[in-house]
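Inspection log for the structure reproduced underneath, given as structure tokens.
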Amino acid sequence: MLQALELSKDFGGLTVLQPTSVDFLPGEVHALMGENGAGKSTLMKVLAGLYRPDGGHVEWRGVQADFASPHDALVAGIAMIHQELMPIPDLTVAENITLGAEPCGRFWQINRPAQRQRALELLKELEANIEPDRLMRTLTVAQTQVVEIAKALGRRADVILMDEPTAALSEQEVAALFRSIARLKARGVTIVYTTHKMDEVFKLADRISVLRDGRLVGTSPASELNPAKLIQLMVGRELADIFPVRLPPTDEVLLEVSNLTREPAYRDISFRLHRGEVVALAGLMGAGRTEVVSAIYGLQPATSGEIRFKGRPLSLRDPQDALAAGIGMVTEDRKGLGLIPALGLGQNVTLTALREFCRGQMIDHKAEAVAIRSRVAEFTIKATSPSQPIAQLSGGNQQKALLARCLLGDPDLIILDEPTRGIDIGAKAEIYSAIQGLARSGKAVLLVSSELPEALSLAHRIVVLRRGSVAATLDAATADQETVLRHAMPL
Amino acid sequence: SLVALMTAFSGCKKTEARKPGEVLIGFSSRDLSAEYTAKLSEAVVEYAKTKPGVGLVMVDAQSDAQKQISQIENFISLKVDVIILNPCELEASTPAVDRAKAAGIPIVLVNQVTKSAGNAYIGSNDVDAGHIAMEAVAKKLGGKGGVLMIHGIMGTSAQLQRETGAREVFAKYPGLKLVDHQTASWDRAKAMSLTENWIQAHKGKFQAIFAHNDEMAMGALLALERAGIKKDVYVIGIDAIAQALTAVKEGRLDATVFQDAVGQGKGSVDAALLLARKQPCPKENLIPFQLVTPENITPFLK
Amino acid sequence: MPALDRHLLHRFGLLLVILAVGLGLSFVTDTFLSVANLTNVARQVSINGILAVGVTFVLLTAGVDLSLGSVVALSGVACATFAHPGDHTVFIPIAVGLLTGAACGLVNGVLVTRGGVAPFIVTLGMMTIARGLALIFSGGRPVANMSSELTSLAGDFLGVPIPVLCFASVATGAWFFLRNFRLGRHIYAVGGNENAARAAGVPVERVKLFAYGLCGLLTGLAGVVLAARITTGQPNAGQAYELDAIAAVVIGGTSLAGGVGTITGTLLGVLLIGEINNGLDLMGVSSYFQAVIKGVIIVGAVWLDRRQSRS
Amino acid sequence: MPALDRHLLHRFGLLLVILAVGLGLSFVTDTFLSVANLTNVARQVSINGILAVGVTFVLLTAGVDLSLGSVVALSGVACATFAHPGDHTVFIPIAVGLLTGAACGLVNGVLVTRGGVAPFIVTLGMMTIARGLALIFSGGRPVANMSSELTSLAGDFLGVPIPVLCFASVATGAWFFLRNFRLGRHIYAVGGNENAARAAGVPVERVKLFAYGLCGLLTGLAGVVLAARITTGQPNAGQAYELDAIAAVVIGGTSLAGGVGTITGTLLGVLLIGEINNGLDLMGVSSYFQAVIKGVIIVGAVWLDRRQSRS
Ligand SMILES: Nc1ncnc2c1ncn2[C@@H]1O[C@H](COP(=O)(O)OP(=O)(O)OP(=O)(O)O)[C@@H](O)[C@H]1O
Ligand SMILES: Nc1ncnc2c1ncn2[C@@H]1O[C@H](COP(=O)(O)OP(=O)(O)OP(=O)(O)O)[C@@H](O)[C@H]1O
Ligand SMILES: [Mg+2]
Ligand SMILES: [Mg+2]
């Protein structure tokens, strides 16, 4: 049905995609797997008409297709869910979902009731409860992701390219998406699917293609692969157990949060964090996890309640206060609150801790370069050079850079909001061991993760939020996924 | 904060209910940020103050004819008794005059005519100013030599008329050559840069610079002085602004053309009052331009 | 219409300032609140209003148009050249004026979309080019002697000034268009997130071209109306008109970053500027102080408005 | 210095245009390439250059400053008022000029950061306010009779015009600062993504305040230099200077959206504009055509430059 023939793509002399041929069959879920920066998104964007290939071509229903723009591809029946979220912030949810395919009357005037209806239907299919008249900018990251999915489903395309659609979703929405994918499959729609979540691949995929360094390693039926084999193909080596051993925490309380409230987002949040401890905040989408940790980082201060840090009360007006006290954070909203897109990778990494590479007010370029080089190596960030604008890095590599930025300042408390979003399995293992390393060295980690296995294996304790309140505090050693979910579900 | 806004207003005096017999004059000035017009307008205001029973509302059209028409419309709804108009443009300010006449309000034009005649005109013809200045150049050069001309903002009435006057003189003296001409938009800094560039481009090929106003003449003068060739070049402007007069007196600037701002201002108020009181008023009061040179400078310095 | 309600509430602070200033003026002067004067205000704002509506489209796409003033002059000259009495029917000069404006707008649009040059540079270039062309075509002299049919465009129709009617219909049309038409929503999408719009299949280039072209067309209309009003094609007319127009739009809540803004906001912005200009003239405030007061009111109004809409 | 290399390559197209135009001019005129004329060009660009360097900082933070021209006039008037012969030592008027500019810049900065008003509106307001103040303080008349110590600031020092020295040192300082100072890096971060910068612990408000304040200070310097050059404090000087300055910066590759740009780019932009102005005067091109040609060259240069840096 859709075929990539010897496709290749360069960016400014750097070959990102070697000549690659893949074919996608009707009604199959075809997983594209590979490490961060392997070229998965690039391949998809070529298929979707967003990039012009530098070599080879795309064949569509047996004829050569030369898509000049996404518009052409959409008209032909190829839609894409982009890895990078792309909301139009000041249009409504309904307008975002129907963008480019608005139901129109005879004079190109928009039929608003139909538009709203269409949006409602699509959201219902995804089992999402989002009001279609809300402005896009008021949505959480997860909700935005759902809207993006709805947008692509709504195009009634024959091929849907899904680039890490579940990266920002929690279990519930993921399940809804999978049901929806099953229905699409039954209709004969081809799904090209990218993810870094191993369990999803084997749940969904019929066939799997693996990319490594822009080269196709091979395509095989999912039934012939198992996780270990797949990882071997992706990474080129075997990976041992990715979750390192936890050591027991100390008794010294580092952070104590009591009765933190900011209506309507959350109320009466209380918990403690000891040195050497990893605590995970769990909950469903919109439970308020991001908002709680934002308050502890000073991004959006709480209206009442107390935060004690190292035994002293902290008043946080902005992140500077938090950083000065020794609290660092990796935000969930990578694009909005993380990257400075035009600055180089290196300058992004050193931004928060720049003072450490300064003599007086002046930057010591040598010291900075040394630090950058070691961090890039440590986090295996893939880039042509440290001065490459970070916007040009693959999603996973951007995430690693932000993690490196946070840790460079050597904070005592590290807040990680969905830190492994979009990160490949190999790098995840490194991050996990980094997290345990931090705990071992007497720091503390406050983790927000929608991947329950991750939360359960990394954290000592799990604080479950439900609609902005603490529903339970569980010991991770004894808790399992069902218990957590049971507490997280609204009653 | 709304209160603050209100108090801002109360700071301004209320236009008092008019006493019977009092005359309210509306005066629209071309551009109060231009020195010559500012001087003229100040004369109008000060002179009107000396007249008992006369009120005056002054507005500034900031060189925009459209705005000036709007202001005349405002005057009509203000029900002023007479309007003094210092037109921005010959053509474009004409509807302002027509509007006033249609509303039955007498209108005095000052310093610049429009296509439709007003009830009275006080001022001088800008063509004459250009003519006088270039004649002075011609006389100085003995009817032979290279001249540079610096225009005001292109397409404005003053620029067009001053150029016309100058061109008449060029036509009269075949030996007089216009080496180059260029706009400096009435601006001293621009005229200075322009003259610096001309000094490079036309070194030795010009003996005089005529600028459409004194600001630009001062700019040309400074550039020539800096290059050390002022003595070889005759520089003349128009308007007789204070700095130009001083420069003439010091022998730096060779000449300027005096336009009687104060005389025009006072004359326009007199005419306006006559018209408002329905007394006969001369249709035209032409106040001639005068060439100001170091020889006759003294009376102008005051 | 929840969007409308939301919007008026959003701009509520601005509306309050306009009313407060109006109230203040009607206390201080006894003419401000007269029908004649309010008609004056309406007439006086209409040219800026037409320009502001046009440039709203461009600003919504995250562009800018600095060439408005010069294109007004060029269109006015072009219109006047064909408007000598007895030459053509009145439609010819009007069409010439409109098309001149539209052509300039389209050139801007093509350079921005195909050429990839920043809108600021393109339209700054067009600003000096159009001014130069206006001077060249007119020989630097005002093009006078216009037919009375054309100049009557500045007159009244059933007691309402025709420029006001033009402005009102342009504004209504634009309001309706932006709210209800597909292309209208696409303009917001392009300004809000160009990449996202492109990825969703919105023909970004065509949308921008439309915005610049329409802005040019309306600028041409403003040029014709201005020429009719001053009964001349004046090559040096319209100086800095772009600033007043863009100011009105931004005061009305349109973001220079694109994607946010409405025609109702633009209307309020135009009204505020017109009201201040008229009021300060009526009060006879000295023009030096006018400048200061005007600046303070504009900044203050926007400040109040944003405070209000934040809370 | 890889960043520098990358940058010069990036702006290579622009450099080529400048050289090509220069080459063309030295063929067409026999004076362009003389030392005297190049000194002229340097002297003439220095005021625009100082302004452009200042506004580069503001544009990098994704702001804009439209008040440059008016603040030049206000600072010039303020400086001239204290510069009458025998009144004070020459440092007083200079300081007054600089501080006036800096004060205006800081007011802009405070309104933008604390007031949350869009930079366009704030600085547009400042544009009319500063102009009004300049007219009020000077009574609408040029403030003349300046001491020769002050006017000698427009003269030469060791054969190099002092304005050029000012410009050169300002540019060098700014270049060094943006590259090597923490605050310089923060300026890029704030312009690149304000929210992300705040989340990364950058004191966004202070950074912006600094940018506007510095821009104001340099505007004050430009005002002093201009006053010295034209030997007067001219209340209506500096009209539309902001457009030339911003144009130079944007030609030089600084994005109006913030976060991208360099002082070397700004220098090239300033040079291109100065070269065109000088060249067209030397060739004696009629002023109508000057406008058209200037517009075409600027748009063309940017177009070439962007094509070049894309491939
Ligand atoms: N616009 C661009 N300019 C230069 N290089 C780019 C650009 N876009 C992507 N790249 C590079 O191409 C490579 C492949 O990127 P791509 O986004 O396809 O990776 P990916 O497989 O999707 O990775 P991830 O799992 O992290 O999303 C990366 O090394 C990236 O740095
Ligand atoms: N359906 C909804 N309608 C209105 N507001 C919502 C909705 N869902 C979430 N919100 C807002 O989002 C807030 C919680 O968002 P937050 O990002 O903190 O949640 P989270 O637990 O981190 O979930 P996630 O990041 O996975 O979306 C809520 O308090 C609420 O203000
Ligand atoms: Mg990817
Ligand atoms: Mg969250």
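Numbering starts fresh at 1 for the residues of each chain in the structure tokens, the chains themselves are lettered A, B, ... in the order given, and ligands are numbered from 1 as they appear.
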What residues of the protein or nucleic acid chains come within 6 Å of ligand 3 when you use only C-alpha atoms and all ligand atoms? Reply as a list in words. Lys40, Ser41, Gln83, Ser394 and Gly395 of chain A
Same residues, N, CA, C and O atoms, output as a compact mmCIF listing (two decimals), in the first residue's frame:
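Listed below is the output, out12.txt:
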# COMPACT_ATOMS: atom_id res chain seq x y z
N LYS A 40 13.56 7.70 13.15
CA LYS A 40 12.17 7.27 13.01
C LYS A 40 11.27 8.43 12.63
O LYS A 40 10.50 8.35 11.67
N SER A 41 11.37 9.51 13.38
CA SER A 41 10.52 10.66 13.10
C SER A 41 10.83 11.20 11.71
O SER A 41 9.91 11.59 10.97
N GLN A 83 5.33 13.69 16.99
CA GLN A 83 5.93 13.49 18.30
C GLN A 83 5.92 14.80 19.07
O GLN A 83 5.62 14.85 20.26
N SER A 394 16.80 15.10 18.13
CA SER A 394 15.63 14.23 18.22
C SER A 394 15.03 14.39 19.61
O SER A 394 15.70 14.82 20.55
N GLY A 395 13.75 14.05 19.71
CA GLY A 395 13.02 14.28 20.95
C GLY A 395 13.71 13.69 22.17
O GLY A 395 13.86 14.35 23.21
Taking only C-alpha atoms into account, report as an NGL selection string which residues of chain A lie within 6 Å of chain C. :A and (70-71 or 86 or 88 or 100 or 108-110)
Output of the above residues as an mmCIF file, in the first residue's frame, restricted to C-alpha atoms:
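The file below, selection-v3.cif, is the result:
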data_model
loop_
_atom_site.group_PDB
_atom_site.id
_atom_site.type_symbol
_atom_site.label_atom_id
_atom_site.label_comp_id
_atom_site.auth_asym_id
_atom_site.auth_seq_id
_atom_site.Cartn_x
_atom_site.Cartn_y
_atom_site.Cartn_z
ATOM 1 C CA PRO A 70 1.440 17.643 4.321
ATOM 2 C CA HIS A 71 -1.618 18.931 2.541
ATOM 3 C CA MET A 86 1.539 21.128 17.931
ATOM 4 C CA ILE A 88 -2.803 26.144 18.101
ATOM 5 C CA GLY A 100 -7.645 21.780 7.797
ATOM 6 C CA TRP A 108 -16.860 27.971 2.841
ATOM 7 C CA GLN A 109 -18.456 29.184 5.998
ATOM 8 C CA ILE A 110 -17.815 26.873 8.899
#
Contacts to ligand 1 at 9 Å cut-off (only C-alpha atoms and all ligand atoms) as number ranges by chain: A: 9-12, 14-17, 32-45, 83-84, 163-164, 194-196, 211-214, 382-384, 388-399, 422-424
Could you write out that same residue set with N, CA and C atoms as a compact mmCIF listing (two decimals), in the first residue's frame?
# COMPACT_ATOMS: atom_id res chain seq x y z
N LYS A 9 17.68 11.10 3.61
CA LYS A 9 17.47 12.49 4.01
C LYS A 9 18.73 13.04 4.68
N ASP A 10 19.15 14.22 4.27
CA ASP A 10 20.30 14.90 4.91
C ASP A 10 19.81 16.17 5.57
N PHE A 11 20.51 16.54 6.63
CA PHE A 11 20.29 17.89 7.18
C PHE A 11 21.64 18.57 7.18
N GLY A 12 21.81 19.55 6.31
CA GLY A 12 23.06 20.30 6.29
C GLY A 12 24.27 19.39 6.27
N LEU A 14 24.59 16.36 7.07
CA LEU A 14 24.55 15.21 7.97
C LEU A 14 23.47 14.25 7.48
N THR A 15 23.87 13.04 7.18
CA THR A 15 22.89 12.08 6.69
C THR A 15 22.15 11.48 7.88
N VAL A 16 20.87 11.72 7.92
CA VAL A 16 20.05 11.29 9.04
C VAL A 16 19.36 9.98 8.69
N LEU A 17 19.09 9.83 7.41
CA LEU A 17 18.41 8.63 6.95
C LEU A 17 19.21 8.10 5.76
N LEU A 32 7.80 1.07 14.15
CA LEU A 32 9.15 1.52 13.80
C LEU A 32 9.89 1.68 15.10
N MET A 33 10.96 0.93 15.26
CA MET A 33 11.67 1.00 16.53
C MET A 33 13.10 1.46 16.31
N GLY A 34 13.68 2.01 17.35
CA GLY A 34 15.06 2.47 17.25
C GLY A 34 15.39 3.38 18.40
N GLU A 35 16.69 3.56 18.59
CA GLU A 35 17.11 4.45 19.67
C GLU A 35 16.76 5.89 19.35
N ASN A 36 16.98 6.74 20.32
CA ASN A 36 16.78 8.17 20.08
C ASN A 36 17.72 8.61 18.97
N GLY A 37 17.16 9.35 18.04
CA GLY A 37 17.98 9.86 16.95
C GLY A 37 18.23 8.84 15.86
N ALA A 38 17.52 7.72 15.90
CA ALA A 38 17.74 6.71 14.88
C ALA A 38 17.17 7.13 13.54
N GLY A 39 16.23 8.05 13.55
CA GLY A 39 15.67 8.53 12.30
C GLY A 39 14.22 8.14 12.09
N LYS A 40 13.56 7.70 13.15
CA LYS A 40 12.17 7.27 13.01
C LYS A 40 11.27 8.43 12.63
N SER A 41 11.37 9.51 13.38
CA SER A 41 10.52 10.66 13.10
C SER A 41 10.83 11.20 11.71
N THR A 42 12.09 11.21 11.35
CA THR A 42 12.45 11.74 10.05
C THR A 42 11.80 10.92 8.95
N LEU A 43 11.86 9.61 9.08
CA LEU A 43 11.24 8.74 8.08
C LEU A 43 9.74 9.02 7.98
N MET A 44 9.11 9.14 9.13
CA MET A 44 7.66 9.40 9.12
C MET A 44 7.34 10.74 8.48
N LYS A 45 8.16 11.74 8.80
CA LYS A 45 7.88 13.06 8.25
C LYS A 45 8.04 13.06 6.73
N GLN A 83 5.33 13.69 16.99
CA GLN A 83 5.93 13.49 18.30
C GLN A 83 5.92 14.80 19.07
N GLU A 84 6.26 15.86 18.33
CA GLU A 84 6.28 17.18 18.94
C GLU A 84 4.83 17.67 18.95
N ASP A 163 3.67 8.93 15.82
CA ASP A 163 5.02 9.10 16.36
C ASP A 163 4.94 9.29 17.86
N GLU A 164 5.20 8.25 18.60
CA GLU A 164 5.13 8.26 20.06
C GLU A 164 3.85 8.90 20.59
N THR A 194 5.37 4.35 16.40
CA THR A 194 6.68 4.47 17.04
C THR A 194 6.49 4.62 18.53
N THR A 195 7.30 3.96 19.30
CA THR A 195 7.21 4.13 20.74
C THR A 195 8.51 3.66 21.38
N HIS A 196 8.71 4.06 22.61
CA HIS A 196 9.83 3.52 23.36
C HIS A 196 9.34 2.62 24.48
N LEU A 211 15.27 0.62 13.11
CA LEU A 211 16.23 1.56 12.53
C LEU A 211 17.38 1.72 13.51
N ARG A 212 18.57 1.78 12.96
CA ARG A 212 19.71 2.13 13.81
C ARG A 212 20.59 3.10 13.05
N ASP A 213 20.87 4.23 13.63
CA ASP A 213 21.70 5.26 13.00
C ASP A 213 21.26 5.55 11.57
N GLY A 214 19.96 5.67 11.40
CA GLY A 214 19.46 6.06 10.09
C GLY A 214 19.47 4.93 9.07
N LYS A 382 23.08 12.58 21.41
CA LYS A 382 23.55 12.49 20.03
C LYS A 382 23.33 13.82 19.32
N ALA A 383 24.43 14.46 18.93
CA ALA A 383 24.31 15.73 18.20
C ALA A 383 25.57 15.89 17.37
N THR A 384 25.48 16.70 16.34
CA THR A 384 26.66 16.88 15.49
C THR A 384 27.76 17.62 16.25
N GLN A 388 25.14 22.67 18.04
CA GLN A 388 23.95 22.45 17.22
C GLN A 388 22.70 22.95 17.97
N PRO A 389 21.88 23.75 17.31
CA PRO A 389 20.67 24.23 18.00
C PRO A 389 19.86 23.05 18.52
N ILE A 390 19.41 23.16 19.74
CA ILE A 390 18.78 22.00 20.37
C ILE A 390 17.47 21.64 19.69
N ALA A 391 16.87 22.60 19.00
CA ALA A 391 15.62 22.30 18.31
C ALA A 391 15.84 21.23 17.24
N GLN A 392 17.08 21.08 16.78
CA GLN A 392 17.33 20.11 15.72
C GLN A 392 17.58 18.71 16.25
N LEU A 393 17.65 18.56 17.56
CA LEU A 393 17.91 17.23 18.10
C LEU A 393 16.63 16.39 18.10
N SER A 394 16.80 15.10 18.13
CA SER A 394 15.63 14.23 18.22
C SER A 394 15.03 14.39 19.61
N GLY A 395 13.75 14.05 19.71
CA GLY A 395 13.02 14.28 20.95
C GLY A 395 13.71 13.69 22.17
N GLY A 396 14.15 12.47 22.06
CA GLY A 396 14.77 11.81 23.21
C GLY A 396 16.05 12.50 23.61
N ASN A 397 16.80 12.94 22.64
CA ASN A 397 18.06 13.61 22.96
C ASN A 397 17.82 14.97 23.62
N GLN A 398 16.73 15.61 23.22
CA GLN A 398 16.37 16.86 23.89
C GLN A 398 16.09 16.59 25.37
N GLN A 399 15.36 15.51 25.61
CA GLN A 399 15.01 15.19 26.99
C GLN A 399 16.27 14.92 27.82
N GLY A 422 9.61 9.65 25.96
CA GLY A 422 10.24 9.65 24.65
C GLY A 422 11.68 9.22 24.67
N ILE A 423 12.12 8.58 25.76
CA ILE A 423 13.52 8.19 25.82
C ILE A 423 13.64 6.71 25.50
N ASP A 424 14.66 6.34 24.73
CA ASP A 424 14.75 4.94 24.32
C ASP A 424 15.20 4.08 25.49
Kindly work out which residues sit at most 9 Å from ligand 2, using only C-alpha atoms and all ligand atoms, and give the list as a PyMOL selection string. chain A and resi 128-131+134+138-144+168-170+262-266+281-294+332-333+417-418+448-450+465-468
Selection: 12 Å around Gln71 (chain B), only C-alpha atoms, excl. self and same-chain fewer than 2 positions, as a PyMOL selection string: (chain B and resi 26-30+57-62+64-69+73-78+80+83-87+93+95-97+99-100) or (chain C and resi 37+40-41+43-44+274+277-284)
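Reported to one decimal place, the separation of CA of Gly155 (chain D) from CA of Ala42 (chain D) is 13.0 Å.
Every chain D residue lying within 6 Å of chain B, based on only C-alpha atoms, is listed here: Gly140, Arg141, Leu282 and Ser287 of chain D.
Selecting chain D residues within 7 Å of chain C and counting only C-alpha atoms yields D:Gly115, D:Val117, D:Ile121, D:Val122, D:Gly125, D:Met126, D:Thr128, D:Ile129, D:Gly132, D:Leu133, D:Leu135, D:Ile136, D:Ala247, D:Tyr288, D:Phe289, D:Ala291, D:Val292, D:Gly295, D:Val296, D:Ile298, D:Val299, D:Val302, D:Trp303.
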Within 8 Å of Val96 (chain C), counting only C-alpha atoms, which residues show up once you throw out same-chain ones fewer than 6 positions away? Write them as JSON, numbers by chain, please. {"C": [75, 78, 79, 82]}
How would you write, as an MDAnalysis selection string, the set of residues in region 90-226 of chain D that DSSP gives as strand (DSSP E)? chainID D and resid 156:157 160:161
Go ahead and write the residues just picked, all heavy atoms, as a CSV table (one decimal), in the first residue's frame.
chain,number,residue,atom,x,y,z
D,156,ASP,N,37.4,65.2,15.3
D,156,ASP,CA,38.3,64.0,15.1
D,156,ASP,C,39.2,63.8,16.3
D,156,ASP,O,39.5,64.8,17.0
D,156,ASP,CB,39.1,64.2,13.8
D,156,ASP,CG,38.3,64.1,12.6
D,156,ASP,OD1,37.1,64.0,12.7
D,156,ASP,OD2,38.9,64.3,11.5
D,157,PHE,N,39.6,62.6,16.5
D,157,PHE,CA,40.6,62.3,17.5
D,157,PHE,C,41.7,61.4,16.8
D,157,PHE,O,41.3,60.4,16.3
D,157,PHE,CB,40.0,61.6,18.6
D,157,PHE,CG,41.0,61.2,19.7
D,157,PHE,CD1,41.5,62.2,20.6
D,157,PHE,CD2,41.4,59.9,19.8
D,157,PHE,CE1,42.4,61.8,21.6
D,157,PHE,CE2,42.3,59.5,20.8
D,157,PHE,CZ,42.8,60.5,21.7
D,160,VAL,N,40.6,60.2,13.4
D,160,VAL,CA,39.4,59.4,13.3
D,160,VAL,C,38.2,60.2,14.0
D,160,VAL,O,38.4,60.7,15.1
D,160,VAL,CB,39.5,58.0,14.1
D,160,VAL,CG1,38.3,57.1,13.8
D,160,VAL,CG2,40.8,57.3,13.6
D,161,PRO,N,37.1,60.2,13.3
D,161,PRO,CA,36.0,61.0,13.9
D,161,PRO,C,35.6,60.4,15.2
D,161,PRO,O,35.5,59.1,15.3
D,161,PRO,CB,34.9,60.8,12.8
D,161,PRO,CG,35.5,60.4,11.6
D,161,PRO,CD,36.8,59.7,11.9
When you look at Ser441 (chain A) with a cut-off of 12 Å (counting only C-alpha atoms), what residues show up, excluding the ones that are within fewer than 4 positions of it in the same chain? I need them as a list in words. Leu247, Pro248, Pro249, Thr250, Arg275, Gly276, Glu277, Asp410, Pro411, Asp412, Leu413, Ala434, Ile435, Gln436, Gly437 and Val445 of chain A
Save the residues we just selected, N, CA, C and O atoms, as a tab-separated table (two decimals), in the first residue's frame?
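Output contents, as saved in selection-v3.tsv:
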chain	number	residue	atom	x	y	z
A	247	LEU	N	18.56	1.22	47.47
A	247	LEU	CA	19.09	1.14	48.83
A	247	LEU	C	18.09	1.82	49.76
A	247	LEU	O	17.35	2.72	49.33
A	248	PRO	N	18.02	1.41	51.01
A	248	PRO	CA	17.06	2.06	51.92
A	248	PRO	C	17.43	3.53	52.14
A	248	PRO	O	18.62	3.86	52.18
A	249	PRO	N	16.44	4.38	52.27
A	249	PRO	CA	16.70	5.80	52.49
A	249	PRO	C	17.20	6.08	53.90
A	249	PRO	O	17.11	5.23	54.78
A	250	THR	N	17.70	7.28	54.13
A	250	THR	CA	18.11	7.68	55.46
A	250	THR	C	16.90	8.18	56.24
A	250	THR	O	15.80	8.24	55.72
A	275	ARG	N	16.32	12.17	52.69
A	275	ARG	CA	17.54	12.05	51.89
A	275	ARG	C	17.72	10.60	51.50
A	275	ARG	O	17.46	9.69	52.29
A	276	GLY	N	18.14	10.36	50.30
A	276	GLY	CA	18.35	9.00	49.83
A	276	GLY	C	17.09	8.31	49.37
A	276	GLY	O	17.08	7.13	49.06
A	277	GLU	N	16.01	9.08	49.30
A	277	GLU	CA	14.73	8.45	48.98
A	277	GLU	C	14.23	8.92	47.61
A	277	GLU	O	14.48	10.04	47.18
A	410	ASP	N	23.69	20.42	40.50
A	410	ASP	CA	23.88	19.61	41.69
A	410	ASP	C	22.88	19.93	42.80
A	410	ASP	O	23.26	20.23	43.93
A	411	PRO	N	21.59	19.85	42.49
A	411	PRO	CA	20.59	20.15	43.53
A	411	PRO	C	20.46	18.97	44.50
A	411	PRO	O	20.86	17.85	44.19
A	412	ASP	N	19.93	19.24	45.69
A	412	ASP	CA	19.72	18.19	46.68
A	412	ASP	C	18.42	17.45	46.43
A	412	ASP	O	18.30	16.27	46.69
A	413	LEU	N	17.44	18.23	45.96
A	413	LEU	CA	16.16	17.60	45.63
A	413	LEU	C	15.96	17.74	44.13
A	413	LEU	O	16.05	18.84	43.58
A	434	ALA	N	21.08	6.57	37.05
A	434	ALA	CA	21.43	7.91	37.54
A	434	ALA	C	20.54	8.30	38.72
A	434	ALA	O	21.01	8.85	39.71
A	435	ILE	N	19.27	7.97	38.62
A	435	ILE	CA	18.35	8.32	39.70
A	435	ILE	C	18.75	7.60	40.98
A	435	ILE	O	18.83	8.20	42.07
A	436	GLN	N	19.05	6.30	40.86
A	436	GLN	CA	19.47	5.58	42.06
A	436	GLN	C	20.79	6.13	42.58
A	436	GLN	O	21.00	6.23	43.79
A	437	GLY	N	21.66	6.49	41.64
A	437	GLY	CA	22.93	7.07	42.06
A	437	GLY	C	22.72	8.32	42.89
A	437	GLY	O	23.38	8.53	43.92
A	445	VAL	N	14.78	12.32	45.30
A	445	VAL	CA	14.15	12.49	43.99
A	445	VAL	C	12.64	12.43	44.16
A	445	VAL	O	12.11	11.52	44.80
With only C-alpha atoms and all ligand atoms as the basis for distance, which of A:Arg334, A:Lys428, A:Arg156, A:Arg440 is at the shortest distance from ligand 4? A:Arg334
Picked from region 146-247 of chain A by DSSP as alpha helix (DSSP H), as a PyMOL selection string: chain A and resi 146-153+171-186+198-204+227-235
Hey, what's within 9 Å of Ile18 (chain C) if we count only C-alpha atoms and toss same-chain stuff fewer than 3 positions away? As a PyMOL selection string, please? chain C and resi 13-15+21-23+268+271-272+275+301
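With CA of Leu60 (chain C) on one side and CA of Ala114 (chain A) on the other, the separation reads 25.4 Å.
The coordinates place CA of Leu209 (chain D) at 4.6 Å from CA of Gly109 (chain D).
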